[in-house]
$ cat coords.cif   # mmCIF, N, CA, C and O atoms
data_run
#
loop_
_atom_site.label_atom_id
_atom_site.label_comp_id
_atom_site.auth_asym_id
_atom_site.auth_seq_id
_atom_site.Cartn_x
_atom_site.Cartn_y
_atom_site.Cartn_z
N MET A 20 61.01 -51.57 101.71
CA MET A 20 61.27 -50.61 100.67
C MET A 20 62.54 -51.03 99.93
O MET A 20 63.52 -51.41 100.53
N ALA A 21 62.53 -50.94 98.62
CA ALA A 21 63.67 -51.33 97.79
C ALA A 21 64.73 -50.23 97.81
O ALA A 21 64.41 -49.05 97.80
N ALA A 22 65.99 -50.64 97.82
CA ALA A 22 67.09 -49.68 97.77
C ALA A 22 67.30 -49.24 96.33
O ALA A 22 67.26 -50.02 95.40
N VAL A 23 67.51 -47.92 96.15
CA VAL A 23 67.72 -47.36 94.83
C VAL A 23 69.12 -46.78 94.78
O VAL A 23 69.52 -46.02 95.66
N SER A 24 69.86 -47.14 93.75
CA SER A 24 71.21 -46.62 93.58
C SER A 24 71.14 -45.40 92.67
O SER A 24 70.74 -45.50 91.52
N LEU A 25 71.50 -44.25 93.21
CA LEU A 25 71.46 -43.01 92.44
C LEU A 25 72.86 -42.60 92.00
O LEU A 25 73.81 -42.70 92.76
N SER A 26 72.95 -42.15 90.78
CA SER A 26 74.17 -41.54 90.28
C SER A 26 73.76 -40.41 89.35
O SER A 26 72.58 -40.26 89.02
N VAL A 27 74.72 -39.61 88.95
CA VAL A 27 74.41 -38.47 88.10
C VAL A 27 73.76 -38.93 86.80
O VAL A 27 72.84 -38.29 86.30
N SER A 28 74.19 -40.04 86.26
CA SER A 28 73.65 -40.52 84.99
C SER A 28 72.23 -41.05 85.12
O SER A 28 71.50 -41.14 84.13
N THR A 29 71.79 -41.43 86.32
CA THR A 29 70.44 -41.96 86.50
C THR A 29 69.42 -40.88 86.86
O THR A 29 68.24 -41.16 86.86
N VAL A 30 69.88 -39.66 87.15
CA VAL A 30 68.96 -38.57 87.49
C VAL A 30 68.60 -37.82 86.22
O VAL A 30 69.47 -37.29 85.54
N LYS A 31 67.32 -37.80 85.87
CA LYS A 31 66.84 -37.09 84.69
C LYS A 31 65.80 -36.08 85.15
O LYS A 31 64.69 -36.44 85.53
N PRO A 32 66.14 -34.78 85.12
CA PRO A 32 65.19 -33.75 85.57
C PRO A 32 63.95 -33.71 84.68
O PRO A 32 64.01 -34.00 83.49
N LEU A 33 62.84 -33.33 85.27
CA LEU A 33 61.58 -33.20 84.55
C LEU A 33 61.30 -31.73 84.25
O LEU A 33 61.74 -30.84 84.97
N GLY A 34 60.53 -31.48 83.20
CA GLY A 34 60.11 -30.13 82.86
C GLY A 34 61.29 -29.20 82.64
O GLY A 34 62.22 -29.50 81.91
N ASP A 35 61.24 -28.04 83.29
CA ASP A 35 62.30 -27.04 83.12
C ASP A 35 63.34 -27.11 84.24
O ASP A 35 64.04 -26.15 84.51
N ARG A 36 63.46 -28.26 84.87
CA ARG A 36 64.44 -28.43 85.95
C ARG A 36 65.84 -28.64 85.39
O ARG A 36 66.03 -29.24 84.34
N ILE A 37 66.85 -28.17 86.15
CA ILE A 37 68.25 -28.28 85.78
C ILE A 37 68.99 -28.91 86.96
O ILE A 37 68.78 -28.52 88.10
N PHE A 38 69.88 -29.87 86.69
CA PHE A 38 70.67 -30.55 87.72
C PHE A 38 72.09 -30.01 87.63
O PHE A 38 72.74 -30.12 86.59
N ILE A 39 72.57 -29.38 88.70
CA ILE A 39 73.84 -28.65 88.70
C ILE A 39 74.78 -29.22 89.75
O ILE A 39 74.38 -29.45 90.89
N LYS A 40 76.05 -29.43 89.36
CA LYS A 40 77.09 -29.81 90.31
C LYS A 40 77.67 -28.53 90.90
O LYS A 40 78.15 -27.66 90.17
N VAL A 41 77.61 -28.40 92.21
CA VAL A 41 78.05 -27.19 92.90
C VAL A 41 79.57 -27.11 92.89
O VAL A 41 80.26 -28.08 93.19
N SER A 42 80.10 -25.94 92.55
CA SER A 42 81.55 -25.71 92.60
C SER A 42 81.98 -25.55 94.05
O SER A 42 81.22 -25.06 94.89
N ALA A 43 83.20 -25.94 94.35
CA ALA A 43 83.72 -25.84 95.72
C ALA A 43 83.86 -24.38 96.12
O ALA A 43 84.26 -23.54 95.31
N SER A 44 83.54 -24.09 97.37
CA SER A 44 83.67 -22.71 97.85
C SER A 44 85.09 -22.46 98.34
O SER A 44 85.82 -23.39 98.68
N ASP A 45 85.46 -21.19 98.38
CA ASP A 45 86.79 -20.81 98.85
C ASP A 45 86.90 -21.06 100.35
O ASP A 45 86.00 -20.74 101.12
N GLU A 46 88.03 -21.64 100.76
CA GLU A 46 88.24 -21.91 102.17
C GLU A 46 89.09 -20.83 102.84
O GLU A 46 89.28 -20.86 104.04
N LYS A 47 89.60 -19.90 102.04
CA LYS A 47 90.42 -18.81 102.59
C LYS A 47 89.83 -17.46 102.18
O LYS A 47 89.25 -17.33 101.12
N THR A 48 90.03 -16.48 103.03
CA THR A 48 89.64 -15.12 102.68
C THR A 48 90.76 -14.49 101.86
O THR A 48 91.83 -15.06 101.70
N ALA A 49 90.52 -13.28 101.37
CA ALA A 49 91.55 -12.57 100.60
C ALA A 49 92.79 -12.31 101.44
O ALA A 49 93.90 -12.25 100.93
N GLY A 50 92.62 -12.20 102.75
CA GLY A 50 93.75 -11.96 103.65
C GLY A 50 94.47 -13.23 104.07
O GLY A 50 95.44 -13.18 104.82
N GLY A 51 93.99 -14.41 103.62
CA GLY A 51 94.66 -15.66 103.92
C GLY A 51 94.13 -16.38 105.16
O GLY A 51 94.72 -17.36 105.60
N ILE A 52 93.03 -15.93 105.72
CA ILE A 52 92.46 -16.56 106.91
C ILE A 52 91.64 -17.77 106.48
O ILE A 52 90.80 -17.69 105.59
N LEU A 53 91.88 -18.93 107.11
CA LEU A 53 91.11 -20.14 106.82
C LEU A 53 89.74 -20.05 107.47
O LEU A 53 89.61 -19.71 108.65
N LEU A 54 88.70 -20.39 106.71
CA LEU A 54 87.34 -20.35 107.21
C LEU A 54 86.84 -21.75 107.53
O LEU A 54 87.03 -22.67 106.73
N PRO A 55 86.18 -21.95 108.68
CA PRO A 55 85.57 -23.26 108.96
C PRO A 55 84.35 -23.45 108.07
O PRO A 55 83.81 -22.50 107.52
N ASP A 56 83.90 -24.70 107.93
CA ASP A 56 82.76 -25.01 107.07
C ASP A 56 81.51 -24.21 107.45
O ASP A 56 80.74 -23.83 106.58
N THR A 57 81.31 -23.98 108.72
CA THR A 57 80.11 -23.28 109.17
C THR A 57 80.12 -21.80 108.80
O THR A 57 79.07 -21.19 108.72
N ALA A 58 81.28 -21.22 108.57
CA ALA A 58 81.38 -19.80 108.24
C ALA A 58 81.40 -19.54 106.74
O ALA A 58 81.29 -18.40 106.32
N GLN A 59 81.53 -20.60 105.94
CA GLN A 59 81.59 -20.41 104.50
C GLN A 59 80.20 -20.16 103.93
O GLN A 59 79.22 -20.73 104.38
N GLU A 60 80.16 -19.28 102.91
CA GLU A 60 78.89 -19.02 102.25
C GLU A 60 78.58 -20.15 101.28
O GLU A 60 79.47 -20.81 100.76
N LYS A 61 77.29 -20.36 101.03
CA LYS A 61 76.87 -21.36 100.07
C LYS A 61 77.27 -20.88 98.67
O LYS A 61 76.97 -19.77 98.28
N PRO A 62 77.99 -21.71 97.90
CA PRO A 62 78.39 -21.29 96.56
C PRO A 62 77.19 -21.07 95.65
O PRO A 62 76.15 -21.72 95.82
N GLN A 63 77.33 -20.17 94.70
CA GLN A 63 76.25 -19.88 93.77
C GLN A 63 76.64 -20.18 92.33
O GLN A 63 75.93 -19.82 91.41
N VAL A 64 77.77 -20.84 92.14
CA VAL A 64 78.25 -21.17 90.80
C VAL A 64 78.35 -22.68 90.70
O VAL A 64 78.77 -23.35 91.64
N GLY A 65 77.95 -23.22 89.55
CA GLY A 65 78.05 -24.66 89.35
C GLY A 65 78.04 -25.00 87.87
O GLY A 65 77.86 -24.13 87.01
N GLU A 66 78.22 -26.29 87.60
CA GLU A 66 78.24 -26.78 86.22
C GLU A 66 77.01 -27.62 85.97
O GLU A 66 76.65 -28.50 86.76
N VAL A 67 76.35 -27.37 84.85
CA VAL A 67 75.14 -28.11 84.48
C VAL A 67 75.53 -29.53 84.08
O VAL A 67 76.39 -29.72 83.22
N VAL A 68 74.93 -30.54 84.75
CA VAL A 68 75.23 -31.93 84.43
C VAL A 68 74.05 -32.66 83.78
O VAL A 68 74.24 -33.63 83.07
N GLN A 69 72.83 -32.19 84.01
CA GLN A 69 71.64 -32.75 83.36
C GLN A 69 70.63 -31.63 83.14
O GLN A 69 70.53 -30.71 83.96
N VAL A 70 69.88 -31.73 82.05
CA VAL A 70 68.88 -30.72 81.71
C VAL A 70 67.58 -31.42 81.37
O VAL A 70 67.57 -32.42 80.64
N GLY A 71 66.47 -30.90 81.90
CA GLY A 71 65.16 -31.45 81.57
C GLY A 71 64.76 -31.07 80.15
O GLY A 71 65.41 -30.24 79.50
N PRO A 72 63.65 -31.63 79.65
CA PRO A 72 63.23 -31.37 78.26
C PRO A 72 62.68 -29.97 78.03
O PRO A 72 62.53 -29.55 76.90
N GLY A 73 62.36 -29.24 79.08
CA GLY A 73 61.80 -27.89 78.94
C GLY A 73 60.36 -27.86 79.40
O GLY A 73 59.70 -28.89 79.52
N LYS A 74 59.86 -26.67 79.64
CA LYS A 74 58.48 -26.55 80.13
C LYS A 74 57.50 -26.47 78.96
O LYS A 74 57.86 -26.10 77.84
N HIS A 75 56.26 -26.84 79.25
CA HIS A 75 55.19 -26.78 78.25
C HIS A 75 54.66 -25.36 78.16
O HIS A 75 54.37 -24.73 79.18
N ASN A 76 54.49 -24.86 76.95
CA ASN A 76 53.84 -23.58 76.74
C ASN A 76 52.33 -23.77 76.74
O ASN A 76 51.84 -24.90 76.74
N ASP A 77 51.58 -22.69 76.71
CA ASP A 77 50.12 -22.77 76.72
C ASP A 77 49.57 -23.49 75.50
O ASP A 77 48.51 -24.11 75.57
N ASP A 78 50.27 -23.41 74.37
CA ASP A 78 49.78 -24.06 73.15
C ASP A 78 50.21 -25.52 73.04
O ASP A 78 49.97 -26.18 72.04
N GLY A 79 50.88 -26.06 74.07
CA GLY A 79 51.26 -27.47 74.10
C GLY A 79 52.66 -27.76 73.61
O GLY A 79 53.13 -28.88 73.73
N THR A 80 53.35 -26.78 73.05
CA THR A 80 54.72 -27.01 72.59
C THR A 80 55.68 -26.88 73.77
O THR A 80 55.33 -26.32 74.81
N ARG A 81 56.89 -27.41 73.59
CA ARG A 81 57.91 -27.30 74.65
C ARG A 81 58.85 -26.16 74.34
O ARG A 81 59.27 -25.97 73.22
N GLN A 82 59.20 -25.42 75.39
CA GLN A 82 60.20 -24.37 75.28
C GLN A 82 61.53 -24.99 75.73
O GLN A 82 61.69 -25.37 76.88
N THR A 83 62.48 -25.09 74.80
CA THR A 83 63.76 -25.74 75.14
C THR A 83 64.55 -24.85 76.10
O THR A 83 64.52 -23.62 76.00
N PRO A 84 65.26 -25.46 77.06
CA PRO A 84 66.05 -24.68 78.02
C PRO A 84 67.17 -23.90 77.34
O PRO A 84 67.69 -24.31 76.31
N GLU A 85 67.53 -22.76 77.92
CA GLU A 85 68.58 -21.90 77.37
C GLU A 85 69.98 -22.38 77.76
O GLU A 85 70.95 -21.91 77.19
N VAL A 86 70.09 -23.28 78.71
CA VAL A 86 71.40 -23.81 79.12
C VAL A 86 71.54 -25.23 78.62
O VAL A 86 70.56 -25.90 78.31
N SER A 87 72.79 -25.68 78.50
CA SER A 87 73.04 -27.04 78.07
C SER A 87 74.08 -27.68 78.99
O SER A 87 74.73 -26.99 79.79
N ILE A 88 74.24 -28.98 78.87
CA ILE A 88 75.18 -29.72 79.70
C ILE A 88 76.59 -29.18 79.49
O ILE A 88 77.02 -28.95 78.37
N GLY A 89 77.29 -28.94 80.60
CA GLY A 89 78.65 -28.42 80.55
C GLY A 89 78.76 -26.92 80.79
O GLY A 89 79.85 -26.41 81.03
N ASP A 90 77.63 -26.18 80.73
CA ASP A 90 77.66 -24.74 80.98
C ASP A 90 77.94 -24.46 82.45
O ASP A 90 77.44 -25.17 83.33
N LYS A 91 78.74 -23.43 82.74
CA LYS A 91 78.91 -22.94 84.11
C LYS A 91 77.88 -21.85 84.31
O LYS A 91 77.78 -20.94 83.50
N VAL A 92 77.13 -21.94 85.40
CA VAL A 92 76.04 -21.01 85.63
C VAL A 92 76.11 -20.39 87.02
O VAL A 92 76.67 -20.97 87.95
N LEU A 93 75.52 -19.22 87.13
CA LEU A 93 75.34 -18.51 88.40
C LEU A 93 73.86 -18.61 88.73
O LEU A 93 73.02 -18.28 87.90
N TYR A 94 73.54 -19.10 89.94
CA TYR A 94 72.14 -19.30 90.30
C TYR A 94 71.82 -18.61 91.62
O TYR A 94 72.70 -18.22 92.37
N SER A 95 70.52 -18.44 91.89
CA SER A 95 70.06 -17.78 93.10
C SER A 95 70.55 -18.50 94.34
O SER A 95 70.64 -19.73 94.36
N LYS A 96 70.85 -17.74 95.37
CA LYS A 96 71.47 -18.28 96.59
C LYS A 96 70.63 -19.35 97.28
O LYS A 96 71.14 -20.38 97.70
N TYR A 97 69.35 -19.13 97.43
CA TYR A 97 68.51 -20.07 98.18
C TYR A 97 67.57 -20.85 97.28
O TYR A 97 66.54 -21.35 97.72
N ALA A 98 67.93 -21.03 96.02
CA ALA A 98 67.08 -21.72 95.06
C ALA A 98 67.34 -23.22 95.06
O ALA A 98 68.43 -23.67 95.38
N GLY A 99 66.34 -23.98 94.70
CA GLY A 99 66.50 -25.40 94.44
C GLY A 99 66.56 -26.29 95.65
O GLY A 99 66.40 -25.87 96.79
N THR A 100 66.83 -27.56 95.36
CA THR A 100 66.93 -28.61 96.37
C THR A 100 68.35 -29.14 96.39
O THR A 100 68.86 -29.55 95.35
N ASP A 101 68.98 -29.12 97.55
CA ASP A 101 70.35 -29.62 97.69
C ASP A 101 70.34 -31.14 97.74
O ASP A 101 69.54 -31.74 98.48
N ILE A 102 71.24 -31.78 96.98
CA ILE A 102 71.33 -33.23 96.91
C ILE A 102 72.80 -33.62 97.00
O ILE A 102 73.64 -33.00 96.37
N LYS A 103 73.10 -34.68 97.80
CA LYS A 103 74.46 -35.21 97.87
C LYS A 103 74.47 -36.59 97.24
O LYS A 103 73.68 -37.45 97.62
N LEU A 104 75.36 -36.79 96.27
CA LEU A 104 75.53 -38.08 95.62
C LEU A 104 77.01 -38.42 95.62
O LEU A 104 77.81 -37.70 95.02
N GLY A 105 77.39 -39.49 96.28
CA GLY A 105 78.77 -39.95 96.27
C GLY A 105 79.78 -38.93 96.75
O GLY A 105 80.86 -38.83 96.20
N GLY A 106 79.44 -38.12 97.72
CA GLY A 106 80.37 -37.14 98.25
C GLY A 106 80.35 -35.81 97.52
O GLY A 106 80.95 -34.84 97.98
N ASP A 107 79.71 -35.73 96.37
CA ASP A 107 79.60 -34.48 95.63
C ASP A 107 78.27 -33.81 95.94
O ASP A 107 77.28 -34.48 96.21
N GLU A 108 78.26 -32.47 95.87
CA GLU A 108 77.04 -31.72 96.13
C GLU A 108 76.43 -31.26 94.83
O GLU A 108 77.12 -30.79 93.93
N PHE A 109 75.09 -31.41 94.73
CA PHE A 109 74.35 -31.01 93.55
C PHE A 109 73.16 -30.16 93.98
O PHE A 109 72.73 -30.21 95.13
N VAL A 110 72.61 -29.41 93.03
CA VAL A 110 71.39 -28.64 93.26
C VAL A 110 70.45 -28.92 92.10
O VAL A 110 70.86 -28.89 90.93
N LEU A 111 69.21 -29.22 92.41
CA LEU A 111 68.17 -29.40 91.40
C LEU A 111 67.28 -28.19 91.47
O LEU A 111 66.65 -27.94 92.50
N LEU A 112 67.26 -27.39 90.40
CA LEU A 112 66.49 -26.16 90.44
C LEU A 112 65.78 -25.90 89.12
O LEU A 112 66.07 -26.53 88.11
N SER A 113 64.87 -24.95 89.15
CA SER A 113 64.13 -24.56 87.97
C SER A 113 64.98 -23.62 87.11
O SER A 113 65.84 -22.91 87.63
N GLU A 114 64.73 -23.62 85.81
CA GLU A 114 65.51 -22.77 84.91
C GLU A 114 65.39 -21.29 85.26
O GLU A 114 66.34 -20.53 85.09
N LYS A 115 64.26 -20.88 85.81
CA LYS A 115 64.07 -19.46 86.14
C LYS A 115 64.98 -19.01 87.29
O LYS A 115 65.20 -17.82 87.47
N ASP A 116 65.55 -19.96 88.05
CA ASP A 116 66.45 -19.62 89.16
C ASP A 116 67.90 -19.42 88.70
O ASP A 116 68.73 -19.04 89.49
N ILE A 117 68.18 -19.71 87.42
CA ILE A 117 69.52 -19.47 86.88
C ILE A 117 69.62 -18.01 86.46
O ILE A 117 68.77 -17.52 85.70
N LEU A 118 70.62 -17.31 86.97
CA LEU A 118 70.76 -15.89 86.72
C LEU A 118 71.61 -15.58 85.49
O LEU A 118 71.34 -14.63 84.77
N ALA A 119 72.67 -16.38 85.25
CA ALA A 119 73.57 -16.09 84.13
C ALA A 119 74.41 -17.31 83.80
O ALA A 119 74.62 -18.18 84.65
N VAL A 120 74.91 -17.35 82.57
CA VAL A 120 75.89 -18.34 82.16
C VAL A 120 77.25 -17.67 82.28
O VAL A 120 77.46 -16.58 81.79
N VAL A 121 78.18 -18.33 82.99
CA VAL A 121 79.51 -17.78 83.24
C VAL A 121 80.49 -18.42 82.27
O VAL A 121 80.54 -19.64 82.14
N SER A 122 81.27 -17.58 81.59
CA SER A 122 82.23 -18.13 80.62
C SER A 122 83.61 -18.26 81.21
O SER A 122 83.92 -17.75 82.24
#

$ encode --input "coords.cif" --output "structure tokens"
Amino acid sequence: MAAVSLSVSTVKPLGDRIFIKVSASDEKTAGGILLPDTAQEKPQVGEVVQVGPGKHNDDGTRQTPEVSIGDKVLYSKYAGTDIKLGGDEFVLLSEKDILAVVS
């Protein structure tokens, strides 16, 4: 099997898929207690790094995605596929799993 070198620039989502870089989760509670990795919740906020061309409508046209590269988004907790590239964490998910754009 041939080795494939993956980077953010080589990943191009298909259809209505969105490629998101996961934001780091808080390691401390409001009271200042340090949390181990196993006790931390999975973050639900990230930055859009790649966007697919959009999904096909019934009439054959494409519906362009509502998010664009650079947007910070809030997404469903258990949505998508987790991917690690070069030490960074990413999520590949469908546009319907994005709940809001965070400003």

$ closest_residue --input "coords.cif" --among "A:Lys115, A:Lys91, A:Lys103, A:His75" --to "Gly34 (chain A)" --atoms "only N, CA, C and O atoms"
A:His75

$ resolve_selection --input "coords.cif" --expression "the PyMOL selection byres ((chain A and resi 41) around 4.5)" --output "ChimeraX atom specification"
/A:39-40,42-43,64-65,108-109

$ atom_distance --input "coords.cif" --atom1 "CA of Val120 (chain A)" --atom2 "CA of Asp90 (chain A)"
6.7 Å

$ resolve_selection --input "coords.cif" --expression "the PyMOL selection byres (((chain A and resi 118 and name CA) around 12) and name CA)" --output "list of chain:residue names"
A:Gln63, A:Val64, A:Gly65, A:Glu85, A:Val86, A:Lys91, A:Val92, A:Leu93, A:Tyr94, A:Ser95, A:Lys96, A:Ala98, A:Leu112, A:Ser113, A:Glu114, A:Lys115, A:Asp116, A:Ile117, A:Ala119, A:Val120, A:Val121

$ residues_around --input "coords.cif" --residues "Val68 (chain A)" --least-positions-apart "6" --cutoff "8 Å" --atoms "only N, CA, C and O atoms" --output "number ranges by chain"
A: 27-28, 30, 37-40, 87-90, 110

$ resolve_selection --input "coords.cif" --expression "the PyMOL selection byres ((chain A and resi 33) around 6)" --output "VMD selection string"
chain A and resid 31 to 32 34 to 37 71 to 73

$ atom_distance --input "coords.cif" --atom1 "atom O of Leu104 (chain A)" --atom2 "atom N of Lys74 (chain A)"
26.1 Å

$ select_by_dssp --input "coords.cif" --residues "chain A" --states "helix (DSSP H, G or I)" --output "list of chain:residue names"
A:Val27, A:Ser28, A:Thr29, A:Asp56, A:Thr57, A:Ala58, A:Glu114, A:Lys115, A:Asp116

$ atom_distance --input "coords.cif" --atom1 "CA of Ser26 (chain A)" --atom2 "atom O of Pro62 (chain A)"
20.7 Å

$ select_by_dssp --input "coords.cif" --residues "chain A" --states "strand (DSSP E or B)" --output "VMD selection string"
chain A and resid 36 to 41 47 53 64 to 70 74 to 75 81 to 82 91 to 94 100 to 104 107 to 113 117 to 121

$ decode --input "coords.cif" --residues "region 76-99 of chain A" --atoms "N, CA, C and O atoms" --output "CSV table (one decimal), in the first residue's frame"
chain,number,residue,atom,x,y,z
A,76,ASN,N,-29.3,19.6,-5.1
A,76,ASN,CA,-30.8,19.7,-4.9
A,76,ASN,C,-31.4,18.7,-5.9
A,76,ASN,O,-30.8,18.1,-6.7
A,77,ASP,N,-32.7,18.5,-5.7
A,77,ASP,CA,-33.5,17.6,-6.6
A,77,ASP,C,-33.4,18.0,-8.0
A,77,ASP,O,-33.5,17.1,-8.9
A,78,ASP,N,-33.3,19.3,-8.3
A,78,ASP,CA,-33.3,19.7,-9.7
A,78,ASP,C,-31.9,19.7,-10.3
A,78,ASP,O,-31.7,20.2,-11.5
A,79,GLY,N,-30.9,19.2,-9.6
A,79,GLY,CA,-29.6,19.1,-10.1
A,79,GLY,C,-28.6,20.3,-9.8
A,79,GLY,O,-27.5,20.2,-10.1
A,80,THR,N,-29.2,21.4,-9.3
A,80,THR,CA,-28.3,22.5,-8.9
A,80,THR,C,-27.7,22.3,-7.6
A,80,THR,O,-28.1,21.4,-6.8
A,81,ARG,N,-26.6,23.0,-7.3
A,81,ARG,CA,-25.9,22.9,-6.0
A,81,ARG,C,-26.4,24.0,-5.1
A,81,ARG,O,-26.5,25.1,-5.4
A,82,GLN,N,-26.6,23.6,-3.8
A,82,GLN,CA,-26.9,24.6,-2.7
A,82,GLN,C,-25.6,24.9,-2.1
A,82,GLN,O,-24.9,24.1,-1.4
A,83,THR,N,-25.1,26.2,-2.2
A,83,THR,CA,-23.9,26.5,-1.6
A,83,THR,C,-23.9,26.5,-0.1
A,83,THR,O,-25.0,26.9,0.5
A,84,PRO,N,-22.9,26.1,0.6
A,84,PRO,CA,-22.9,26.1,2.1
A,84,PRO,C,-23.0,27.5,2.7
A,84,PRO,O,-22.6,28.5,2.1
A,85,GLU,N,-23.6,27.6,3.9
A,85,GLU,CA,-23.8,28.8,4.5
A,85,GLU,C,-22.6,29.3,5.3
A,85,GLU,O,-22.6,30.4,5.7
A,86,VAL,N,-21.6,28.4,5.5
A,86,VAL,CA,-20.4,28.8,6.2
A,86,VAL,C,-19.3,28.9,5.2
A,86,VAL,O,-19.3,28.4,4.1
A,87,SER,N,-18.2,29.7,5.6
A,87,SER,CA,-17.1,29.8,4.7
A,87,SER,C,-15.8,29.6,5.5
A,87,SER,O,-15.9,29.6,6.8
A,88,ILE,N,-14.7,29.5,4.9
A,88,ILE,CA,-13.4,29.3,5.5
A,88,ILE,C,-13.1,30.5,6.4
A,88,ILE,O,-13.3,31.6,6.1
A,89,GLY,N,-12.7,30.1,7.7
A,89,GLY,CA,-12.4,31.2,8.7
A,89,GLY,C,-13.5,31.4,9.7
A,89,GLY,O,-13.2,32.0,10.7
A,90,ASP,N,-14.7,30.9,9.4
A,90,ASP,CA,-15.8,31.1,10.4
A,90,ASP,C,-15.6,30.3,11.6
A,90,ASP,O,-15.1,29.1,11.5
A,91,LYS,N,-15.9,30.8,12.8
A,91,LYS,CA,-16.0,30.0,14.0
A,91,LYS,C,-17.4,29.5,14.2
A,91,LYS,O,-18.3,30.2,14.1
A,92,VAL,N,-17.5,28.2,14.4
A,92,VAL,CA,-18.8,27.5,14.4
A,92,VAL,C,-19.0,26.7,15.7
A,92,VAL,O,-18.0,26.2,16.3
A,93,LEU,N,-20.2,26.5,16.1
A,93,LEU,CA,-20.7,25.7,17.1
A,93,LEU,C,-21.3,24.5,16.5
A,93,LEU,O,-22.2,24.6,15.7
A,94,TYR,N,-20.9,23.2,16.8
A,94,TYR,CA,-21.4,22.0,16.2
A,94,TYR,C,-21.9,21.0,17.2
A,94,TYR,O,-21.6,21.1,18.4
A,95,SER,N,-22.7,20.1,16.7
A,95,SER,CA,-23.2,19.0,17.6
A,95,SER,C,-22.1,18.2,18.3
A,95,SER,O,-21.1,18.0,17.7
A,96,LYS,N,-22.4,17.8,19.5
A,96,LYS,CA,-21.3,17.2,20.3
A,96,LYS,C,-20.8,15.9,19.7
A,96,LYS,O,-19.6,15.7,19.7
A,97,TYR,N,-21.7,15.0,19.3
A,97,TYR,CA,-21.2,13.7,18.8
A,97,TYR,C,-21.3,13.6,17.2
A,97,TYR,O,-21.4,12.5,16.7
A,98,ALA,N,-21.2,14.8,16.5
A,98,ALA,CA,-21.3,14.8,15.1
A,98,ALA,C,-19.9,14.6,14.4
A,98,ALA,O,-18.9,14.9,15.0
A,99,GLY,N,-20.0,14.0,13.2
A,99,GLY,CA,-18.8,14.0,12.4
A,99,GLY,C,-17.8,12.9,12.7
A,99,GLY,O,-18.0,12.1,13.6
